[in-house]
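*Asks:* Please find one structure pasted underneath; my questions will follow.
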Amino acid sequence: MDLRNIAIIAHVDHGKTTLVDGLLKQSGTLRDNRGGDTNERVMDFNDQEKERGITITAKNTAVTWRGTRINIVDTPGHSDFGSEVERVLRMVDGVLLLVDAAEGPMPQTRFVLRKSLELGLKALVCINKIDRKDARPKEVLDEVFDLFVSLGANDEQLDFPVIYAVGREGWAVNELGQTSSDLVPMFQFIIDHVPLPTSDPALPLQMQVGLLMHSPFLGRIAVGRIYAGQIKRGQQAVVCRPDGSREQFRVSQLMTFKGLERIDCDEASAGDIIALAGAGDATVGDTICLAASPVPMPAIAIDAPTMSMTFSPNNSPFGGREGKFVTSRQIRDRLDRELLSNVGLKIEQGSSLEQFVVSGRGTLHLSVLIETMRREGFELSVSPPQVITRINEDGKLEEPIEEVAIDCAEAYSGSVIEKLNTRGGELLDLQASLDGHVRMRWYCPSQGLIGYRSEYLTDTRGTGTIMHLFSHYAVTKGRTRMRKNGVMIVQDDGETITYSLNTLQERGQLFVHPQQQVYHGQIIGLHARENDLVVNPSKVKKLTNIRSAGNDENIFLTPPRQFSLEEALEFIGSEELVEVTPKSIRLRKKYLDHNERKRFDKTSNS
Ligand SMILES: Nc1nc2c(ncn2[C@@H]2O[C@H](COP(=O)(O)OP(=O)(O)OP(=O)(O)O)[C@@H](O)[C@H]2O)c(=O)[nH]1
Ligand SMILES: [Mg+2]
């Protein structure tokens with residue numbers, strides 16, 4: 001059977017997964033048994049992907065169209081999951097670069113295209129969402145061309161084929177102005193332009209693992225492309241790791257893809273993307289070879305992480321109340337397991353045996369892991385995100401700098417510029433568009449961007465977009481992130497009372513409801529001033545002979561501020577932690593004891 005291998009790459013939200021839906025449906029691969037709305041974005045099947053509406057892990061599927069099998073890898077567009085894209089590009093022979101017809105190329109468009117061109121992959125361009133009212137497909141095509149040029153594309157790569165699409169309505173056309181009611185032009189486009197796999201079936205077997213899947217029946221499943229040779233069920237094979245170690249196994253099950261399913265097969269040969277059970281501990285980057293003639297492939301290179309957080313067991317007074325897994329041993333085992341499939345992640349021992357420094361691409365990369373762990377029943381204390389610095393050849397400290405792309409209404413641009421300036425940003429480019437919007441490009445230290453997203457959304461009344469992506473390392477200008485305001489810290493363990501919360505809310509913004517259990521050292525509010533304040537939220541009103549203590553009915557409390565996990569992580573300061581359990585997210589001081597904390601403050605200030 002004819003074969004094509006393609007990855008769909010783009011900036012976040014440019015419509016990759018929606019287009020894959022269309023390809024699955026129109027090739028007749030997806031049985032319509034899910035009904036209604038749930039049939040949308042079927043490749044985003046993990047819980048957090050559904051809830052957040054974004055793709056988190058790269059996944060593969062396959063469709064058959066007029067006798068050709070097309071292996072398709074859907075990739076995430078959010079920059080925090082960039083390593084997911086990097087690791088799968090070696091599995092394919094071409095990429096379909098989707099670009100939103102209104103937004104044009106964005107930072108992640110550049111990143112994924114650069115990675116593809118570096119690997120010498122053929123890039124096909126799809127200007128998507130041409131139904132948008134603000135679509136400007138011709139200009140966007142010019143911008144895409146400029147992007148190829150700026151990335152140093154060769155003549156052949158510059159001569160990229162183009163197609164126009166409305167992925168959500170399931171149609172594509174080769175020229176603007178043409179009409180079509182389906183994706184036939186898209187299938188044909190892929191078959192015409194994606195090079196055939198050139199891998200040689202006569203050479204000894206080489207399959208490199210690019211993805212891992214899990215099945216309750218088969219256990220771990222290794223997914224990858226066969227670069228050379230053939231593989232048969234029942235064969236003796238060997239896993240070759242980049243560190244030189246090897247592990248023999250028997251291929252107990254061999255599968256190819258069809259839509260969301262895996263179909264058993266007896267053999268497969270070079271060029272195809274397959275799944276394999278029984279390969280022991282094989283992990284991403286390992287090569288699977290025949291036991292008789294092993295030829296390992298080089299490891300997959302992935303950009304280094306730029307941000308880290310320290311995970312430790314939850315040692316708050318409420319530790320162990322809500323979770324199943326609470327010990328440092330359990331946390332370490334879980335993190336070790338995560339390393340097997342989460343290729344962009346790095347884990348090191350922290351300053352004590354109980355602490356683990358977990359590094360990744362950004363806050364979201366790490367918070368998705370924390371969220372997964374809490375859903376599994378883990379409790380953790382997590383330190384605030386810290387950028388990973390390095391020392392250059394001249395002995396100077398360097399910090400990661402990100403490229404920031406902003407699109408907001410002109411009226412808000414003043415406050416955006418002011419804020420980013422104080423956060424160490426450097427404005428590169430500013431363009432006003434006809435519709436009263438301003439587009440800006442900035443360089444800003446990663447450290448300065450921590451916590452900025454929520455401020456930005458407030459400043460632009462939720463109407464602006466902001467994207468950022470690691471760009472390079474530069475000598476640090478020594479700005480550190482500081483929350484301007486102090487916090488309100490609970491004095492003694494107890495339960496919050498409406499009466500006292502009412503007095504406290506005059507002094508700042510509260511994070512707790514009445515009748516909530518709190519502990520000493522917990523953070524329950526933002527102080528309106530710069531200093532921290534130790535408060536008593538459990539104070540009962542003094543009884544007088546006229547009124548009773550319970551007379552709280554007339555008190556109106558402003559609803560407390562609720563934090564998502566990411567917001568909590570970006571909110572806390574260096575001597576603070578986020579306590580994460582399956583049921584709660586609490587903020588706390590690292591040193592809960594008030595005297596101990598004061599002692600620490602004195603020593604660290606002197
Ligand atoms: N107007 C318009 N909107 C579309 C089209 N295709 C997708 N969308 C919308 O764009 C949003 C993002 O779609 P997704 O398919 O999740 O985008 P994605 O590229 O997979 O996003 P990530 O995987 O998170 O990077 C959704 O709200 C879609 O409904 C289209 O052709 N036209
Ligand atoms: Mg997606």
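Ordering of the structure tokens sets the chain letters (A, B, ...), residue numbers begin anew at 1 in every chain, and ligands are numbered from 1 in the order given.
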Show me which residues sit within 8 Å of ligand 2 when counting only C-alpha atoms and all ligand atoms, and put them as a tab-separated table (two decimals) with N, CA and C atoms, in the first residue's frame.
*Replies:*
```
chain	number	residue	atom	x	y	z
A	12	VAL	N	-0.45	27.80	18.50
A	12	VAL	CA	-1.61	27.35	19.27
A	12	VAL	C	-2.91	27.90	18.67
A	13	ASP	N	-3.92	27.03	18.61
A	13	ASP	CA	-5.28	27.42	18.18
A	13	ASP	C	-5.42	27.74	16.70
A	15	GLY	N	-5.88	25.63	14.49
A	15	GLY	CA	-6.88	24.71	13.95
A	15	GLY	C	-6.38	23.33	13.54
A	16	LYS	N	-5.28	22.87	14.12
A	16	LYS	CA	-4.72	21.56	13.75
A	16	LYS	C	-5.68	20.41	14.07
A	17	THR	N	-6.09	20.34	15.33
A	17	THR	CA	-6.88	19.18	15.76
A	17	THR	C	-8.25	19.17	15.06
A	18	THR	N	-8.80	20.35	14.82
A	18	THR	CA	-10.08	20.44	14.13
A	18	THR	C	-9.93	19.91	12.69
A	41	ARG	N	-12.93	17.49	17.89
A	41	ARG	CA	-11.53	17.38	18.31
A	41	ARG	C	-11.28	16.07	19.03
A	43	MET	N	-9.03	13.94	18.73
A	43	MET	CA	-7.66	13.61	19.11
A	43	MET	C	-7.28	14.21	20.46
A	44	ASP	N	-8.01	15.24	20.90
A	44	ASP	CA	-7.74	15.81	22.22
A	44	ASP	C	-8.51	15.00	23.26
A	53	GLY	N	-9.09	22.83	26.33
A	53	GLY	CA	-9.32	23.13	24.91
A	53	GLY	C	-8.03	23.26	24.12
A	54	ILE	N	-6.96	22.66	24.60
A	54	ILE	CA	-5.71	22.69	23.84
A	54	ILE	C	-5.13	21.28	23.75
A	55	THR	N	-4.27	21.07	22.76
A	55	THR	CA	-3.58	19.80	22.66
A	55	THR	C	-2.34	19.87	23.55
A	56	ILE	N	-2.08	18.81	24.31
A	56	ILE	CA	-0.93	18.80	25.21
A	56	ILE	C	0.14	17.83	24.72
A	74	ASP	N	-0.71	14.65	15.04
A	74	ASP	CA	-1.24	15.94	15.49
A	74	ASP	C	-0.32	16.42	16.62
A	75	THR	N	0.06	17.69	16.57
A	75	THR	CA	1.01	18.18	17.57
A	75	THR	C	0.40	19.35	18.34
A	76	PRO	N	0.90	19.62	19.54
A	76	PRO	CA	0.40	20.78	20.27
A	76	PRO	C	1.04	22.07	19.76
A	77	GLY	N	0.30	23.18	19.84
A	77	GLY	CA	0.83	24.45	19.36
A	77	GLY	C	1.29	25.37	20.47
```
*Asks:* Residues of chain A that approach ligand 1 to 10 Å or less, counting only C-alpha atoms and all ligand atoms: could you list each one with the shortest pair of atoms and its distance in Å to one decimal, rows by chain and increasing residue number, as a tab-separated table?
*Replies:*
```
residue	atom	partner	partner_atom_place_in_ligand_line	distance
A:Ile8	CA	ligand 1	19 (O)	8.7
A:Ile9	CA	ligand 1	19 (O)	7.8
A:Ala10	CA	ligand 1	19 (O)	6.2
A:His11	CA	ligand 1	25 (O)	5.9
A:Val12	CA	ligand 1	25 (O)	3.3
A:Asp13	CA	ligand 1	21 (O)	3.5
A:His14	CA	ligand 1	19 (O)	4.1
A:Gly15	CA	ligand 1	17 (O)	3.4
A:Lys16	CA	ligand 1	19 (O)	3.8
A:Thr17	CA	ligand 1	20 (O)	3.7
A:Thr18	CA	ligand 1	15 (O)	3.6
A:Leu19	CA	ligand 1	15 (O)	6.4
A:Val20	CA	ligand 1	15 (O)	7.9
A:Asp21	CA	ligand 1	15 (O)	8.4
A:Gly22	CA	ligand 1	6 (N)	9.8
A:Glu40	CA	ligand 1	29 (O)	8.8
A:Arg41	CA	ligand 1	15 (O)	6.5
A:Val42	CA	ligand 1	15 (O)	9.9
A:Met43	CA	ligand 1	20 (O)	8.9
A:Asp44	CA	ligand 1	23 (O)	7.9
A:Glu49	CA	ligand 1	24 (O)	8.2
A:Lys50	CA	ligand 1	16 (O)	9.5
A:Arg52	CA	ligand 1	24 (O)	8.5
A:Gly53	CA	ligand 1	16 (O)	6.2
A:Ile54	CA	ligand 1	24 (O)	3.3
A:Thr55	CA	ligand 1	23 (O)	3.7
A:Ile56	CA	ligand 1	23 (O)	6.9
A:Thr57	CA	ligand 1	23 (O)	8.7
A:Ala58	CA	ligand 1	23 (O)	8.9
A:Asp74	CA	ligand 1	20 (O)	7.7
A:Thr75	CA	ligand 1	23 (O)	6.3
A:Pro76	CA	ligand 1	23 (O)	4.2
A:Gly77	CA	ligand 1	25 (O)	3.2
A:His78	CA	ligand 1	25 (O)	5.3
A:Ser79	CA	ligand 1	25 (O)	8.7
A:Phe81	CA	ligand 1	25 (O)	9.3
A:Leu98	CA	ligand 1	19 (O)	8.0
A:Val99	CA	ligand 1	19 (O)	9.2
A:Asp100	CA	ligand 1	30 (C)	8.3
A:Ala101	CA	ligand 1	32 (N)	8.9
A:Ala102	CA	ligand 1	1 (N)	9.5
A:Gln108	CA	ligand 1	25 (O)	9.4
A:Ile127	CA	ligand 1	31 (O)	9.4
A:Asn128	CA	ligand 1	31 (O)	5.7
A:Lys129	CA	ligand 1	31 (O)	3.6
A:Ile130	CA	ligand 1	32 (N)	6.6
A:Asp131	CA	ligand 1	1 (N)	5.6
A:Arg132	CA	ligand 1	1 (N)	4.9
A:Lys133	CA	ligand 1	1 (N)	8.3
A:Asp134	CA	ligand 1	1 (N)	9.7
A:Ala135	CA	ligand 1	1 (N)	9.1
A:Tyr164	CA	ligand 1	31 (O)	9.7
A:Ala165	CA	ligand 1	31 (O)	6.4
A:Val166	CA	ligand 1	31 (O)	3.4
A:Gly167	CA	ligand 1	31 (O)	3.9
A:Arg168	CA	ligand 1	6 (N)	4.1
A:Glu169	CA	ligand 1	31 (O)	6.2
A:Gly170	CA	ligand 1	31 (O)	7.6
A:Trp171	CA	ligand 1	31 (O)	8.5
A:Ala172	CA	ligand 1	31 (O)	9.5
```
*Asks:* Could you write out the selected residues, including C-alpha atoms, as a PDB file, in the first residue's frame?
*Replies:*
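What landed in selection.pdb:
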```
ATOM      1  CA  ILE A   8       0.470  18.897  11.372  1.00  0.00           C
ATOM      2  CA  ILE A   9       2.253  21.830  12.984  1.00  0.00           C
ATOM      3  CA  ALA A  10       1.211  25.375  13.871  1.00  0.00           C
ATOM      4  CA  HIS A  11       0.933  28.008  16.518  1.00  0.00           C
ATOM      5  CA  VAL A  12      -1.607  27.350  19.268  1.00  0.00           C
ATOM      6  CA  ASP A  13      -5.275  27.421  18.177  1.00  0.00           C
ATOM      7  CA  HIS A  14      -4.628  27.726  14.465  1.00  0.00           C
ATOM      8  CA  GLY A  15      -6.878  24.706  13.945  1.00  0.00           C
ATOM      9  CA  LYS A  16      -4.721  21.560  13.755  1.00  0.00           C
ATOM     10  CA  THR A  17      -6.880  19.184  15.755  1.00  0.00           C
ATOM     11  CA  THR A  18     -10.076  20.441  14.128  1.00  0.00           C
ATOM     12  CA  LEU A  19      -8.595  19.741  10.701  1.00  0.00           C
ATOM     13  CA  VAL A  20      -7.601  16.230  11.782  1.00  0.00           C
ATOM     14  CA  ASP A  21     -11.261  15.671  12.739  1.00  0.00           C
ATOM     15  CA  GLY A  22     -12.231  16.554   9.196  1.00  0.00           C
ATOM     16  CA  GLU A  40     -15.301  17.450  18.105  1.00  0.00           C
ATOM     17  CA  ARG A  41     -11.535  17.384  18.308  1.00  0.00           C
ATOM     18  CA  VAL A  42     -11.452  13.659  18.954  1.00  0.00           C
ATOM     19  CA  MET A  43      -7.658  13.615  19.105  1.00  0.00           C
ATOM     20  CA  ASP A  44      -7.739  15.805  22.221  1.00  0.00           C
ATOM     21  CA  GLU A  49      -6.918  18.581  26.868  1.00  0.00           C
ATOM     22  CA  LYS A  50     -10.713  18.556  26.811  1.00  0.00           C
ATOM     23  CA  ARG A  52      -8.368  23.380  28.592  1.00  0.00           C
ATOM     24  CA  GLY A  53      -9.322  23.133  24.915  1.00  0.00           C
ATOM     25  CA  ILE A  54      -5.707  22.693  23.840  1.00  0.00           C
ATOM     26  CA  THR A  55      -3.577  19.798  22.657  1.00  0.00           C
ATOM     27  CA  ILE A  56      -0.934  18.802  25.214  1.00  0.00           C
ATOM     28  CA  THR A  57       0.719  15.685  23.809  1.00  0.00           C
ATOM     29  CA  ALA A  58       1.515  14.764  20.233  1.00  0.00           C
ATOM     30  CA  ASP A  74      -1.242  15.940  15.495  1.00  0.00           C
ATOM     31  CA  THR A  75       1.013  18.183  17.568  1.00  0.00           C
ATOM     32  CA  PRO A  76       0.396  20.781  20.270  1.00  0.00           C
ATOM     33  CA  GLY A  77       0.826  24.455  19.356  1.00  0.00           C
ATOM     34  CA  HIS A  78       1.408  25.849  22.830  1.00  0.00           C
ATOM     35  CA  SER A  79       5.062  26.750  23.256  1.00  0.00           C
ATOM     36  CA  PHE A  81       4.829  21.692  24.752  1.00  0.00           C
ATOM     37  CA  LEU A  98      -1.153  25.616   9.312  1.00  0.00           C
ATOM     38  CA  VAL A  99      -1.361  29.379   9.539  1.00  0.00           C
ATOM     39  CA  ASP A 100      -4.421  31.266  10.719  1.00  0.00           C
ATOM     40  CA  ALA A 101      -5.601  33.486   7.844  1.00  0.00           C
ATOM     41  CA  ALA A 102      -6.132  36.426  10.184  1.00  0.00           C
ATOM     42  CA  GLN A 108       5.348  29.142  17.628  1.00  0.00           C
ATOM     43  CA  ILE A 127      -3.711  29.038   5.153  1.00  0.00           C
ATOM     44  CA  ASN A 128      -6.541  28.007   7.462  1.00  0.00           C
ATOM     45  CA  LYS A 129      -9.706  29.708   8.757  1.00  0.00           C
ATOM     46  CA  ILE A 130     -10.236  31.730   5.581  1.00  0.00           C
ATOM     47  CA  ASP A 131     -13.872  32.058   6.725  1.00  0.00           C
ATOM     48  CA  ARG A 132     -12.842  34.532   9.415  1.00  0.00           C
ATOM     49  CA  LYS A 133     -14.236  38.007   8.888  1.00  0.00           C
ATOM     50  CA  ASP A 134     -10.822  39.496   9.465  1.00  0.00           C
ATOM     51  CA  ALA A 135      -9.072  36.946   7.230  1.00  0.00           C
ATOM     52  CA  TYR A 164      -6.508  27.273   1.647  1.00  0.00           C
ATOM     53  CA  ALA A 165      -8.960  25.759   4.116  1.00  0.00           C
ATOM     54  CA  VAL A 166     -11.770  26.123   6.573  1.00  0.00           C
ATOM     55  CA  GLY A 167     -10.934  23.158   8.747  1.00  0.00           C
ATOM     56  CA  ARG A 168     -13.981  23.615  10.935  1.00  0.00           C
ATOM     57  CA  GLU A 169     -16.364  23.328   8.003  1.00  0.00           C
ATOM     58  CA  GLY A 170     -14.291  20.556   6.460  1.00  0.00           C
ATOM     59  CA  TRP A 171     -13.334  22.024   3.091  1.00  0.00           C
ATOM     60  CA  ALA A 172     -10.248  23.180   1.248  1.00  0.00           C
TER      61      ALA A 172
END
```
*Asks:* Within 10 Å of range 289-300 of chain A, counting only C-alpha atoms, which residues show up once you throw out same-chain ones fewer than 6 positions away? Write them as JSON, numbers by chain, please.
*Replies:* {"A": [86, 87, 88, 89, 90, 203, 204, 205, 206, 207, 208, 209, 210, 226, 227, 228, 229, 230, 231, 235, 236, 237, 238, 239, 240, 241, 242, 243, 244, 246, 247, 248, 249, 250, 343]}
*Asks:* Might you pull out every residue within 10 Å of range 308-312 of chain A, with only C-alpha atoms counted and same-chain residues fewer than 3 positions away left off, and present them as an MDAnalysis selection string?
*Replies:* chainID A and resid 305 315 326:328 331:332 335 345:363 366:367 370 379:388 569 577:579
*Asks:* Could you pull out all residues of range 15-255 of chain A with a DSSP call of strand (DSSP E or B) and give them as a ChimeraX atom specification?
*Replies:* /A:59-65,68-74,94-100,122-128,162-166,171-173,206-215,219-228,230-232,236-240,246-250,253-255
*Asks:* Any idea what's packed within 10 Å of Arg439 in chain A, counting only C-alpha atoms, ignoring anything in its chain fewer than 6 positions away? Could you give it as a JSON list (two decimals) with C-alpha atoms, in the first residue's frame?
*Replies:*
```
[["chain", "number", "residue", "atom", "x", "y", "z"],
["A", 405, "ALA", "CA", 3.74, 38.75, 20.65],
["A", 406, "ILE", "CA", 0.90, 40.97, 21.76],
["A", 407, "ASP", "CA", -2.32, 41.93, 20.04],
["A", 408, "CYS", "CA", -4.61, 44.32, 21.90],
["A", 409, "ALA", "CA", -6.91, 47.27, 21.41],
["A", 410, "GLU", "CA", -5.03, 50.54, 21.03],
["A", 413, "SER", "CA", -1.45, 49.58, 24.69],
["A", 429, "ASP", "CA", 8.26, 46.30, 16.78],
["A", 430, "LEU", "CA", 4.87, 48.01, 16.97],
["A", 431, "GLN", "CA", 2.22, 48.05, 14.28],
["A", 432, "ALA", "CA", -1.20, 49.61, 14.41],
["A", 433, "SER", "CA", -3.81, 47.86, 12.30],
["A", 464, "GLY", "CA", -6.04, 40.98, 24.17],
["A", 465, "THR", "CA", -3.91, 38.01, 23.22],
["A", 466, "ILE", "CA", -0.40, 37.37, 24.42]]
```
*Asks:* List every residue of range 67-241 of chain A that DSSP, applied to the backbone of this structure, assigns to helix (DSSP H, G or I), and report them as JSON, numbers by chain.
*Replies:* {"A": [79, 80, 81, 82, 83, 84, 85, 86, 87, 88, 89, 90, 91, 107, 108, 109, 110, 111, 112, 113, 114, 115, 116, 117, 118, 137, 138, 139, 140, 141, 142, 143, 144, 145, 146, 147, 148, 149, 150, 155, 156, 157, 158, 167, 168, 169, 184, 185, 186, 187, 188, 189, 190, 191, 192, 193]}
*Asks:* Applying 12 Å and only C-alpha atoms, which residues near Pro317 in chain A remain after dropping the ones on its own chain fewer than 6 positions away? List them as a ChimeraX atom specification.
*Replies:* /A:492-494,517-522,579,586,588,592-593
*Asks:* Could you write out the selected residues, including C-alpha atoms, as a PDB file, in the first residue's frame?
*Replies:*
```pdb
ATOM      1  CA  ASP A 492      -3.589  30.382  64.515  1.00  0.00           C
ATOM      2  CA  ASP A 493      -5.261  27.232  63.241  1.00  0.00           C
ATOM      3  CA  GLY A 494      -9.022  27.614  63.150  1.00  0.00           C
ATOM      4  CA  GLN A 517     -10.468  25.475  57.935  1.00  0.00           C
ATOM      5  CA  VAL A 518      -7.175  27.369  57.895  1.00  0.00           C
ATOM      6  CA  TYR A 519      -3.813  26.890  59.582  1.00  0.00           C
ATOM      7  CA  HIS A 520      -1.107  29.149  60.998  1.00  0.00           C
ATOM      8  CA  GLY A 521       1.204  30.381  58.265  1.00  0.00           C
ATOM      9  CA  GLN A 522      -1.408  29.915  55.517  1.00  0.00           C
ATOM     10  CA  GLU A 579      -0.002  23.282  48.710  1.00  0.00           C
ATOM     11  CA  ARG A 586      -3.773  26.541  49.253  1.00  0.00           C
ATOM     12  CA  ARG A 588       1.259  29.231  52.420  1.00  0.00           C
ATOM     13  CA  LEU A 592       4.694  28.383  58.913  1.00  0.00           C
ATOM     14  CA  ASP A 593       5.880  29.242  62.409  1.00  0.00           C
TER      15      ASP A 593
END
```
*Asks:* Pick the closest to Met186 in chain A from A:Pro445, A:Gly414, A:Gly573, A:Pro161: which is it, counting only C-alpha atoms?
*Replies:* A:Pro161
*Asks:* I'd like to know which of A:Phe318, A:Phe189, A:Phe600, A:Phe511 is closest to Leu557 in chain A, using only C-alpha atoms.
*Replies:*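 Among the listed residues, A:Phe511 lies closest to Leu557 in chain A.
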*Asks:* Closest to Ile70 in chain A among A:Phe257, A:Tyr499, A:Tyr443, A:Phe217, using only C-alpha atoms?
*Replies:*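 Closest residue, counting only C-alpha atoms: A:Phe257.
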*Asks:* Write out as a list in words which residues come within 9 Å of Arg529 in chain A when counting only C-alpha atoms, dropping same-chain ones fewer than 4 positions away.
*Replies:*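 Here the qualifying residues turn out to be Lys484, Asn485, Gly486, Val487, Arg507 and Gly508 of chain A.
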*Asks:* Export C-alpha atoms of the chosen residues as a compact mmCIF listing (two decimals), in the first residue's frame?
*Replies:*
```txt
# COMPACT_ATOMS: atom_id res chain seq x y z
CA LYS A 484 4.47 44.62 45.11
CA ASN A 485 1.97 43.75 47.80
CA GLY A 486 2.35 41.82 51.00
CA VAL A 487 0.00 39.02 52.03
CA ARG A 507 -7.32 45.70 54.31
CA GLY A 508 -6.98 43.89 51.01
```
*Asks:* Closest to His193 in chain A among A:Arg453, A:Arg483, A:Arg262, A:Lys122, using only C-alpha atoms?
*Replies:* A:Lys122
*Asks:* For Leu24 in chain A, which of A:Asn71, A:Ser564, A:Ser538, A:Asn5 is the closest residue, counting only C-alpha atoms?
*Replies:*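 Counting only C-alpha atoms, the residue closest to Leu24 in chain A is A:Asn71.
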*Asks:* Just how far from CA of Pro107 in chain A is CA of Arg136 in chain A, in Å to one decimal?
*Replies:*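 Going from CA of Arg136 in chain A over to CA of Pro107 in chain A covers 18.4 Å.
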